[in-house]
$ cat query.txt   # compact mmCIF, C-alpha atoms and all ligand atoms
# COMPACT_ATOMS: atom_id res chain seq x y z
CA MET A 1225 54.47 36.74 136.06
CA VAL A 1226 50.94 37.31 134.78
CA ASP A 1227 48.98 40.04 136.57
CA ALA A 1228 45.91 37.87 137.24
CA LYS A 1229 42.86 39.65 138.64
CA PRO A 1230 41.53 38.11 141.86
CA SER A 1231 38.37 36.14 141.24
CA PRO A 1232 35.60 35.12 143.64
CA GLY A 1233 35.60 31.47 142.36
CA PHE A 1234 36.97 28.34 143.98
CA LYS A 1235 39.98 28.59 146.23
CA ILE A 1236 43.16 26.61 145.61
CA LEU A 1237 44.13 25.05 148.95
CA ALA A 1238 47.22 23.12 147.89
CA ARG A 1239 49.48 22.64 144.92
CA GLU A 1240 52.25 20.18 144.17
CA ASP A 1241 54.62 20.34 141.23
CA PHE A 1242 55.53 16.84 140.07
CA SER A 1243 57.83 18.06 137.27
CA ASP A 1244 58.50 21.18 135.18
CA VAL A 1245 55.22 20.65 133.37
CA THR A 1246 52.96 18.60 135.65
CA TYR A 1247 51.23 19.95 138.74
CA SER A 1248 48.30 19.11 141.00
CA LEU A 1249 45.75 21.55 142.39
CA VAL A 1250 43.54 20.82 145.39
CA ILE A 1251 40.46 23.02 145.05
CA HIS A 1252 37.80 23.81 147.63
CA HIS A 1253 34.45 22.94 146.06
CA PRO A 1254 32.26 20.96 148.51
CA LEU A 1255 29.34 20.47 146.09
CA MET A 1256 31.62 19.15 143.34
CA ALA A 1257 33.35 16.84 145.83
CA LYS A 1258 29.96 15.54 146.94
CA ALA A 1259 28.74 14.88 143.40
CA ALA A 1260 31.97 13.56 141.83
CA ARG A 1261 32.25 9.93 140.73
CA PRO A 1262 35.33 8.14 139.36
CA GLY A 1263 35.68 8.65 135.61
CA GLN A 1264 34.10 12.10 135.53
CA PHE A 1265 35.64 15.40 134.54
CA VAL A 1266 35.15 19.14 134.99
CA ILE A 1267 35.54 22.10 132.65
CA VAL A 1268 37.63 24.83 134.21
CA MET A 1269 37.98 28.53 133.43
CA THR A 1270 41.01 29.96 135.22
CA HIS A 1271 39.87 33.58 134.86
CA GLU A 1272 36.76 35.24 133.48
CA SER A 1273 38.01 35.39 129.89
CA GLY A 1274 39.92 32.10 130.07
CA GLU A 1275 39.52 29.18 127.70
CA ARG A 1276 37.34 26.27 128.83
CA VAL A 1277 39.71 23.42 129.74
CA PRO A 1278 38.37 19.89 130.36
CA LEU A 1279 40.23 18.14 133.20
CA THR A 1280 39.56 14.78 134.84
CA ILE A 1281 38.70 14.70 138.53
CA ALA A 1282 41.85 12.94 139.73
CA ASP A 1283 40.74 12.76 143.34
CA PHE A 1284 37.97 14.03 145.60
CA ASP A 1285 37.50 14.18 149.35
CA ARG A 1286 33.88 14.58 150.42
CA ALA A 1287 34.78 15.19 154.08
CA LYS A 1288 37.18 18.01 153.26
CA GLY A 1289 35.07 19.32 150.36
CA THR A 1290 37.93 19.24 147.88
CA VAL A 1291 38.60 18.02 144.35
CA THR A 1292 42.08 17.42 142.96
CA LEU A 1293 43.09 18.09 139.36
CA VAL A 1294 46.41 17.06 137.84
CA VAL A 1295 47.40 19.18 134.88
CA GLN A 1296 50.07 18.92 132.23
CA ALA A 1297 51.14 22.28 130.80
CA VAL A 1298 51.01 21.59 127.06
CA GLY A 1299 49.71 24.83 125.53
CA LYS A 1300 48.56 28.36 126.21
CA SER A 1301 45.79 27.69 128.74
CA THR A 1302 47.49 24.98 130.76
CA LYS A 1303 50.75 26.99 130.89
CA GLU A 1304 48.77 30.06 131.94
CA MET A 1305 47.17 27.96 134.69
CA GLN A 1306 50.62 26.80 135.75
CA GLN A 1307 51.62 30.45 136.25
CA ILE A 1308 48.55 31.88 137.94
CA CYS A 1309 47.04 28.97 139.90
CA GLN A 1310 48.92 29.32 143.16
CA VAL A 1311 47.79 28.42 146.68
CA GLY A 1312 45.41 31.13 147.92
CA THR A 1313 44.26 32.22 144.45
CA SER A 1314 40.94 31.07 143.00
CA ILE A 1315 39.76 29.29 139.88
CA HIS A 1316 37.13 31.50 138.25
CA GLY A 1317 34.77 28.75 137.07
CA MET A 1318 34.38 25.00 137.30
CA VAL A 1319 31.52 23.15 135.62
CA GLY A 1320 30.71 19.53 136.35
CA PRO A 1321 30.93 16.79 137.22
CA MET A 1322 30.57 15.80 133.58
CA GLY A 1323 30.60 12.49 131.72
CA VAL A 1324 29.26 9.06 132.58
CA PRO A 1325 30.76 7.69 135.82
CA SER A 1326 32.78 4.49 135.36
CA PRO A 1327 30.89 1.35 136.46
CA LEU A 1328 32.92 -0.13 139.32
CA THR A 1329 30.76 -2.92 140.69
CA GLY A 1330 30.51 -6.62 139.83
CA LYS A 1331 34.17 -7.19 138.94
CA LYS A 1332 36.40 -9.63 140.75
CA LYS A 1333 39.75 -8.83 139.17
CA VAL A 1334 40.67 -5.68 137.27
CA VAL A 1335 43.80 -4.10 135.84
CA CYS A 1336 44.06 -0.29 136.06
CA VAL A 1337 46.62 1.17 133.68
CA GLY A 1338 47.87 4.76 133.74
CA GLY A 1339 50.50 6.17 131.44
CA GLY A 1340 52.22 9.48 132.23
CA LEU A 1341 49.58 12.03 133.14
CA GLY A 1342 46.97 9.24 132.79
CA VAL A 1343 48.18 7.92 136.15
CA ALA A 1344 46.16 10.70 137.85
CA PRO A 1345 42.72 10.06 136.28
CA ILE A 1346 42.98 6.27 136.72
CA TYR A 1347 43.49 6.69 140.47
CA PRO A 1348 39.82 7.23 141.52
CA GLN A 1349 38.87 4.17 139.47
CA ALA A 1350 41.52 1.96 141.09
CA ARG A 1351 40.38 3.12 144.53
CA GLY A 1352 36.71 2.68 143.57
CA PHE A 1353 37.27 -0.90 142.32
CA LYS A 1354 39.07 -1.71 145.57
CA GLU A 1355 36.24 -0.23 147.66
CA ASN A 1356 33.84 -2.48 145.72
CA GLY A 1357 35.80 -5.60 146.62
CA ALA A 1358 37.79 -6.25 143.43
CA TYR A 1359 41.36 -7.53 143.29
CA VAL A 1360 43.15 -4.57 141.72
CA ILE A 1361 46.35 -4.79 139.68
CA GLY A 1362 47.78 -1.34 139.03
CA ILE A 1363 50.14 -0.70 136.13
CA LEU A 1364 51.82 2.71 136.03
CA GLY A 1365 54.08 3.85 133.21
CA PHE A 1366 56.45 6.81 133.11
CA ARG A 1367 59.26 7.80 130.79
CA THR A 1368 61.79 7.92 133.61
CA LYS A 1369 62.09 7.68 137.41
CA LYS A 1370 62.02 11.42 138.15
CA LEU A 1371 58.57 11.77 136.56
CA ILE A 1372 56.93 9.22 138.91
CA PHE A 1373 54.11 10.54 141.09
CA TRP A 1374 51.37 9.04 143.29
CA GLU A 1375 53.10 5.63 143.56
CA ASP A 1376 52.24 5.63 147.30
CA LYS A 1377 48.55 6.33 146.63
CA PHE A 1378 48.39 3.36 144.23
CA ARG A 1379 50.27 1.05 146.59
CA ALA A 1380 47.58 1.84 149.19
CA CYS A 1381 44.68 0.73 146.97
CA CYS A 1382 46.19 -1.93 144.68
CA ASP A 1383 46.76 -5.59 145.52
CA GLU A 1384 49.65 -5.63 143.04
CA LEU A 1385 51.50 -2.77 141.42
CA ILE A 1386 53.61 -3.03 138.28
CA LEU A 1387 55.73 0.06 137.74
CA CYS A 1388 57.18 0.54 134.25
CA THR A 1389 59.67 3.09 132.96
CA ASP A 1390 60.72 3.50 129.34
CA ASP A 1391 64.39 3.73 130.36
CA GLY A 1392 64.33 1.14 133.16
CA SER A 1393 65.34 3.72 135.83
CA ALA A 1394 62.55 2.39 138.13
CA GLY A 1395 60.45 -0.77 138.10
CA MET A 1396 60.49 -2.88 134.95
CA LYS A 1397 61.97 -1.49 131.75
CA GLY A 1398 59.22 -1.26 129.18
CA PHE A 1399 55.84 0.19 128.30
CA VAL A 1400 52.57 -0.32 130.14
CA SER A 1401 51.58 -2.78 127.40
CA ASP A 1402 54.51 -4.94 128.59
CA GLY A 1403 53.10 -4.62 132.11
CA ILE A 1404 49.72 -5.84 130.83
CA LYS A 1405 51.40 -8.86 129.22
CA LEU A 1406 52.99 -9.64 132.59
CA ALA A 1407 49.64 -9.32 134.39
CA ILE A 1408 47.91 -11.56 131.83
CA ALA A 1409 50.68 -14.17 132.18
CA GLY A 1410 50.17 -14.21 135.96
CA HIS A 1411 46.36 -14.09 136.08
CA ARG A 1412 43.91 -16.09 133.96
CA ASN A 1413 40.71 -14.53 135.22
CA ILE A 1414 41.01 -10.79 134.56
CA ASP A 1415 37.51 -9.31 134.14
CA GLU A 1416 38.50 -5.93 132.80
CA VAL A 1417 41.41 -3.68 131.90
CA VAL A 1418 40.96 0.08 132.19
CA ALA A 1419 43.62 2.22 130.50
CA ILE A 1420 44.13 5.99 130.55
CA GLY A 1421 46.93 7.87 128.84
CA PRO A 1422 47.91 9.23 125.45
CA PRO A 1423 45.81 7.78 122.57
CA ILE A 1424 48.77 5.83 121.19
CA MET A 1425 49.25 4.17 124.60
CA MET A 1426 45.55 3.31 124.96
CA LYS A 1427 45.61 1.83 121.44
CA ALA A 1428 48.64 -0.32 122.39
CA CYS A 1429 46.79 -1.52 125.52
CA ALA A 1430 43.68 -2.43 123.50
CA ASP A 1431 45.85 -4.25 120.92
CA THR A 1432 47.52 -6.23 123.75
CA THR A 1433 44.25 -7.42 125.33
CA ARG A 1434 42.34 -8.07 122.08
CA PRO A 1435 43.79 -11.56 121.40
CA HIS A 1436 42.88 -12.54 124.98
CA ALA A 1437 39.32 -11.17 124.63
CA ILE A 1438 39.66 -9.18 127.87
CA LYS A 1439 37.19 -6.31 128.03
CA THR A 1440 39.21 -3.08 127.80
CA ILE A 1441 37.91 0.37 128.65
CA VAL A 1442 39.75 3.53 127.60
CA SER A 1443 39.06 7.16 128.50
CA LEU A 1444 39.01 9.38 125.42
CA ASN A 1445 40.18 12.98 125.36
CA PRO A 1446 39.01 14.58 122.11
CA ILE A 1447 38.80 18.37 121.87
CA MET A 1448 35.80 19.51 123.88
CA VAL A 1449 34.09 22.87 123.77
CA ASP A 1450 30.71 23.01 125.53
CA GLY A 1451 30.79 19.59 127.19
CA THR A 1452 27.03 19.23 126.82
CA GLY A 1453 26.64 17.24 123.60
CA MET A 1454 25.61 20.33 121.60
CA CYS A 1455 28.67 21.44 119.61
CA GLY A 1456 29.82 18.10 118.20
CA GLY A 1457 33.48 18.96 118.82
CA CYS A 1458 34.17 15.77 120.76
CA ARG A 1459 32.77 13.39 118.12
CA VAL A 1460 34.47 9.96 118.25
CA LYS A 1461 33.99 6.82 116.17
CA ILE A 1462 33.19 3.71 118.22
CA GLY A 1463 32.69 0.73 115.91
CA ASP A 1464 29.90 1.69 113.51
CA GLU A 1465 28.61 4.41 115.78
CA ILE A 1466 29.34 8.09 116.24
CA LYS A 1467 29.44 9.15 119.89
CA PHE A 1468 30.06 12.39 121.75
CA ALA A 1469 32.72 11.77 124.38
CA CYS A 1470 31.44 14.50 126.71
CA VAL A 1471 27.99 12.95 127.24
CA ASP A 1472 28.38 9.34 126.03
CA GLY A 1473 31.85 8.89 127.55
CA PRO A 1474 34.63 9.64 128.12
CA ASP A 1475 34.95 5.85 128.77
CA PHE A 1476 34.51 3.56 125.74
CA ASP A 1477 35.26 0.02 124.62
CA GLY A 1478 38.92 0.20 123.59
CA HIS A 1479 38.50 -2.63 121.07
CA LYS A 1480 35.99 -0.55 119.11
CA VAL A 1481 37.59 2.91 119.23
CA ASP A 1482 38.85 4.36 115.94
CA PHE A 1483 42.13 5.70 117.38
CA GLY A 1484 43.36 6.89 113.97
CA ASP A 1485 40.37 9.24 113.66
CA LEU A 1486 40.82 10.44 117.27
CA MET A 1487 44.51 11.25 116.77
CA MET A 1488 43.82 13.05 113.49
CA ARG A 1489 41.09 15.19 115.07
CA LEU A 1490 43.33 16.09 118.05
CA LYS A 1491 45.83 17.64 115.62
CA ARG A 1492 43.20 19.62 113.75
CA TYR A 1493 43.87 23.01 115.39
CA ALA A 1494 47.64 22.57 115.81
CA GLU A 1495 48.48 25.78 113.88
CA GLU A 1496 45.99 27.90 115.86
CA GLU A 1497 47.18 26.38 119.17
CA LYS A 1498 50.82 27.13 118.28
CA ALA A 1499 49.96 30.73 117.32
CA ALA A 1500 47.96 31.25 120.56
CA LEU A 1501 50.87 29.96 122.66
CA GLU A 1502 53.37 32.18 120.82
CA ARG A 1503 51.18 35.29 121.29
CA TRP A 1504 50.69 34.52 124.98
CA SER A 1505 54.41 33.82 125.55
CA GLU A 1506 55.34 37.08 123.81
CA ASN A 1507 52.87 39.02 125.99
CA CYS A 1508 54.42 37.41 129.09
CA ARG A 1509 57.91 38.41 127.89
CA MET A 1510 56.72 42.00 127.37
CA MET A 1511 55.35 42.07 130.92
CA GLN A 1512 58.71 40.87 132.24
CA ARG A 1513 60.61 43.50 130.20
CA ALA A 1514 58.48 46.34 131.61
CA PRO A 1515 60.37 48.62 134.09
CA PRO A 1516 59.95 47.26 137.66
CA ALA A 1517 57.97 50.32 138.80
CA LEU A 1518 55.40 49.68 136.07
CA LYS A 1519 54.81 46.00 136.76
CA GLY A 1520 51.53 44.53 137.98
CA GLY A 1521 49.32 46.66 140.21
CA GLU A 1522 51.67 49.66 140.15
CA ALA A 1523 51.45 49.80 136.38
CA ALA A 1524 47.68 49.69 136.56
CA GLU A 1525 47.70 52.49 139.13
CA SER A 1526 49.95 54.62 136.91
CA GLY A 1527 47.22 54.53 134.24
CA LEU A 1528 49.71 53.49 131.52
CA PRO A 1529 48.32 50.91 129.11
CA LEU A 1530 50.44 47.80 129.64
CA PRO A 1531 49.58 44.88 127.35
CA ASP A 1532 46.90 42.57 128.71
CA PRO A 1533 48.41 39.06 128.63
CA PHE A 1534 44.99 37.67 127.76
CA ASP A 1535 44.40 40.08 124.85
CA GLY A 1536 44.13 38.42 121.47
CA VAL A 1537 44.61 34.93 122.80
CA LEU A 1538 41.04 34.15 123.80
CA GLY A 1539 39.66 30.91 122.50
CA GLY A 1540 43.05 29.23 122.34
C1 LIG B 1601 37.61 14.50 129.16
C2 LIG B 1601 39.00 15.12 129.17
C3 LIG B 1601 39.75 15.05 130.31
C4 LIG B 1601 41.01 15.62 130.35
N1 LIG B 1601 41.72 15.53 131.50
C5 LIG B 1601 42.92 16.14 131.59
C6 LIG B 1601 43.63 16.13 132.83
O1 LIG B 1601 43.19 15.59 133.84
N2 LIG B 1601 44.83 16.77 132.85
C7 LIG B 1601 45.34 17.39 131.76
O2 LIG B 1601 46.44 17.96 131.85
N3 LIG B 1601 44.70 17.41 130.57
C8 LIG B 1601 43.49 16.80 130.47
N4 LIG B 1601 42.81 16.85 129.29
C9 LIG B 1601 43.41 17.55 128.15
C10 LIG B 1601 43.31 19.06 128.33
O3 LIG B 1601 41.96 19.46 128.27
C11 LIG B 1601 44.12 19.78 127.24
O4 LIG B 1601 45.47 19.45 127.40
C12 LIG B 1601 43.97 21.28 127.32
O5 LIG B 1601 42.68 21.67 126.94
C13 LIG B 1601 45.01 21.92 126.42
O6 LIG B 1601 44.78 23.32 126.33
P1 LIG B 1601 45.98 24.32 126.08
O7 LIG B 1601 45.41 25.65 125.70
O8 LIG B 1601 46.93 24.31 127.22
O9 LIG B 1601 46.75 23.70 124.88
P2 LIG B 1601 46.50 23.86 123.29
O10 LIG B 1601 47.76 24.35 122.69
O11 LIG B 1601 45.24 24.62 123.07
O12 LIG B 1601 46.30 22.39 122.90
C14 LIG B 1601 47.28 21.38 123.08
C15 LIG B 1601 46.61 20.04 122.82
O13 LIG B 1601 45.62 19.82 123.83
C16 LIG B 1601 44.43 19.28 123.28
N5 LIG B 1601 43.34 20.25 123.50
C17 LIG B 1601 43.31 21.57 123.23
N6 LIG B 1601 42.13 22.13 123.56
C18 LIG B 1601 41.39 21.13 124.05
C19 LIG B 1601 40.05 21.04 124.55
N7 LIG B 1601 39.24 22.10 124.60
N8 LIG B 1601 39.60 19.84 124.94
C20 LIG B 1601 40.40 18.75 124.92
N9 LIG B 1601 41.65 18.76 124.45
C21 LIG B 1601 42.15 19.93 124.02
C22 LIG B 1601 44.72 19.06 121.81
O14 LIG B 1601 45.21 17.75 121.64
C23 LIG B 1601 45.82 20.01 121.50
O15 LIG B 1601 46.60 19.62 120.42
C24 LIG B 1601 41.54 16.28 129.20
C25 LIG B 1601 40.77 16.35 128.05
C26 LIG B 1601 39.52 15.78 128.02
C27 LIG B 1601 38.68 15.88 126.79
S1 LIG B 1602 32.12 19.02 123.74
FE1 LIG B 1602 30.52 19.72 122.47
S2 LIG B 1602 29.43 17.91 122.00
FE2 LIG B 1602 30.96 17.25 123.38
$ encode --input "query.txt" --output "C-alpha cells"
Amino acid sequence: MVDAKPSPGFKILAREDFSDVTYSLVIHHPLMAKAARPGQFVIVMTHESGERVPLTIADFDRAKGTVTLVVQAVGKSTKEMQQICQVGTSIHGMVGPMGVPSPLTGKKKVVCVGGGLGVAPIYPQARGFKENGAYVIGILGFRTKKLIFWEDKFRACCDELILCTDDGSAGMKGFVSDGIKLAIAGHRNIDEVVAIGPPIMMKACADTTRPHAIKTIVSLNPIMVDGTGMCGGCRVKIGDEIKFACVDGPDFDGHKVDFGDLMMRLKRYAEEEKAALERWSENCRMMQRAPPALKGGEAAESGLPLPDPFDGVLGG
C-alpha cells in the first residue's frame, strides 16, 4: 500500500468498486457541485506531486455538495488513485468545472448511449434531458453482465432502456450500435443521439446514425494537460477545423470527427506511459517487500530512506 501523505483537499465521502478496475468516488466539494453542468469535466491531482488527470463529472448533488467521479484504472495515475483514494482521505486538487456544458433543451426525443466506462459520463446528460421534458432512450453497453453498473440510475431517468452485452449474458447480445439500430427501427423522430465511450465505439455509433441523418454528439477524450486551451495537447480535427477539446468541447458533432487522428494521438505516449507504470509498480513492490517494522509511518520515523513511490514517475 502506498504511504500517501494526508492532504487538506477535498474529502472522499463514499467509494464503490464496480469491478477490479472501475470505481466511483463521491467527493465533498460544494462549490463544484453548485457550478457543475452535464457534459463537463474536472482535472484532478490526487496528491501534491500527482499527475493532472481529466475526469468527467459523472454525477453531482447540489443539496449534499458532492460530485461523483467514475474512474477506470488504466495506467500509473488512475491505478495510484485506486490505491490511495479511500473513504476519509482527500483529493489534493480539483480544477473545474471545465468544458462546454451539453445543450439539453429543445429536444423531444433523444438517445443516450454509454459504452463501458462511458456509461458514467452519459448519466448526467440522460437525467438532464429528462428534466427538460425529452423522451429519453438509454442504451448501455458492457462486455459482460458482471461489469454492469448504474442500471438502476438509468431506469429511473429513461423512458426506455436497451441493455447490450457483447456476450449476451444480460440484455440483448450485441454492441451499442446494434442497440441504436433497434431504437431507430422503433422510433422515426429521434432528434439527437449522444454517445460516450471508447473512440472506436463512438465512431461506430456515428457510422450507424449517418445514413439516417440523425444528429450525433460524441464526447472526445484526447490527452489533456492544462485544460485551458493553452498547450494544444488536446487538438482534435472536426471537419475542416482544428479544435481544442478542453475549451471547445469535449462534445462535438460525431459525423465530423476525425476518429483516426484522435486514436493515433491517444497512442502517442504509449512507451512513456508503459515505463511510468512499470516504475510505479516496481516502487510499490519494493514498499511491500520492506520489513513490516519499516513500513509506512514507522519507516519514516526510523529516518531510513525508503523509496518514495512517487519518485521518478512524475508527469506520467
Ligand atoms: C475530457 C476527459 C474526460 C475523461 N473522463 C474520464 C472519466 O470520467 N473516467 C476515466 O476513468 N477516465 C476519463 N478520462 C481519461 C483519463 O483522463 C485517462 O484515463 C487518465 O488520464 C489516464 O492516466 P494514467 O496515468 O492512469 O494512464 P496512462 O498510462 O498515463 O495513460 C493511459 C491512457 O490514458 C490516456 N491518457 C493518459 N494521460 C491522459 C491525459 N492527461 N488526458 C487524457 N487522457 C490521457 C491515453 O489514452 C493513454 O494511452 C477522461 C479524459 C478526458 C480528456
Ligand atoms: S489541454 Fe491544453 S489546450 Fe486543451
$ atom_distance --input "query.txt" --atom1 "CA of Gly1323 (chain A)" --atom2 "atom C25 of ligand LIG 1601 (chain B)"
11.5 Å
$ residues_near_ligand --input "query.txt" --ligand "ligand LIG 1602 (chain B)" --cutoff "12 Å" --atoms "all atoms listed in the file" --output "ChimeraX atom specification"
/A:1265-1267,1276-1278,1322-1323,1444-1460,1466-1474
$ atom_distance --input "query.txt" --atom1 "atom P1 of ligand LIG 1601 (chain B)" --atom2 "CA of Gln1306 (chain A)"
11.0 Å
$ atom_distance --input "query.txt" --atom1 "atom O3 of ligand LIG 1601 (chain B)" --atom2 "CA of Pro1254 (chain A)"
22.5 Å
$ residues_around --input "query.txt" --residues "Leu1385 (chain A)" --least-positions-apart "4" --cutoff "7 Å" --atoms "only C-alpha atoms" --output "MDAnalysis selection string"
chainID A and resid 1361:1363 1379
$ write_last_selection --input "query.txt" --atoms "C-alpha atoms" --output "PDB file, in the frame of the given file"
ATOM      1  CA  ILE A1361      46.350  -4.790 139.680  1.00  0.00           C
ATOM      2  CA  GLY A1362      47.780  -1.340 139.030  1.00  0.00           C
ATOM      3  CA  ILE A1363      50.140  -0.700 136.130  1.00  0.00           C
ATOM      4  CA  ARG A1379      50.270   1.050 146.590  1.00  0.00           C
TER       5      ARG A1379
END
$ closest_residue --input "query.txt" --among "A:Thr1389, A:Ser1243, A:Phe1234, A:Thr1302" --to "His1316 (chain A)" --atoms "all atoms listed in the file"
A:Phe1234
$ residues_around --input "query.txt" --residues "Asp1241 (chain A)" --least-positions-apart "6" --cutoff "10 Å" --atoms "all atoms listed in the file" --output "ChimeraX atom specification"
/A:1247-1249,1294-1295,1306,1373
$ write_last_selection --input "query.txt" --atoms "C-alpha atoms" --output "mmCIF file, in the frame of the given file"
data_model
loop_
_atom_site.group_PDB
_atom_site.id
_atom_site.type_symbol
_atom_site.label_atom_id
_atom_site.label_comp_id
_atom_site.auth_asym_id
_atom_site.auth_seq_id
_atom_site.Cartn_x
_atom_site.Cartn_y
_atom_site.Cartn_z
ATOM 1 C CA TYR A 1247 51.230 19.950 138.740
ATOM 2 C CA SER A 1248 48.300 19.110 141.000
ATOM 3 C CA LEU A 1249 45.750 21.550 142.390
ATOM 4 C CA VAL A 1294 46.410 17.060 137.840
ATOM 5 C CA VAL A 1295 47.400 19.180 134.880
ATOM 6 C CA GLN A 1306 50.620 26.800 135.750
ATOM 7 C CA PHE A 1373 54.110 10.540 141.090
#
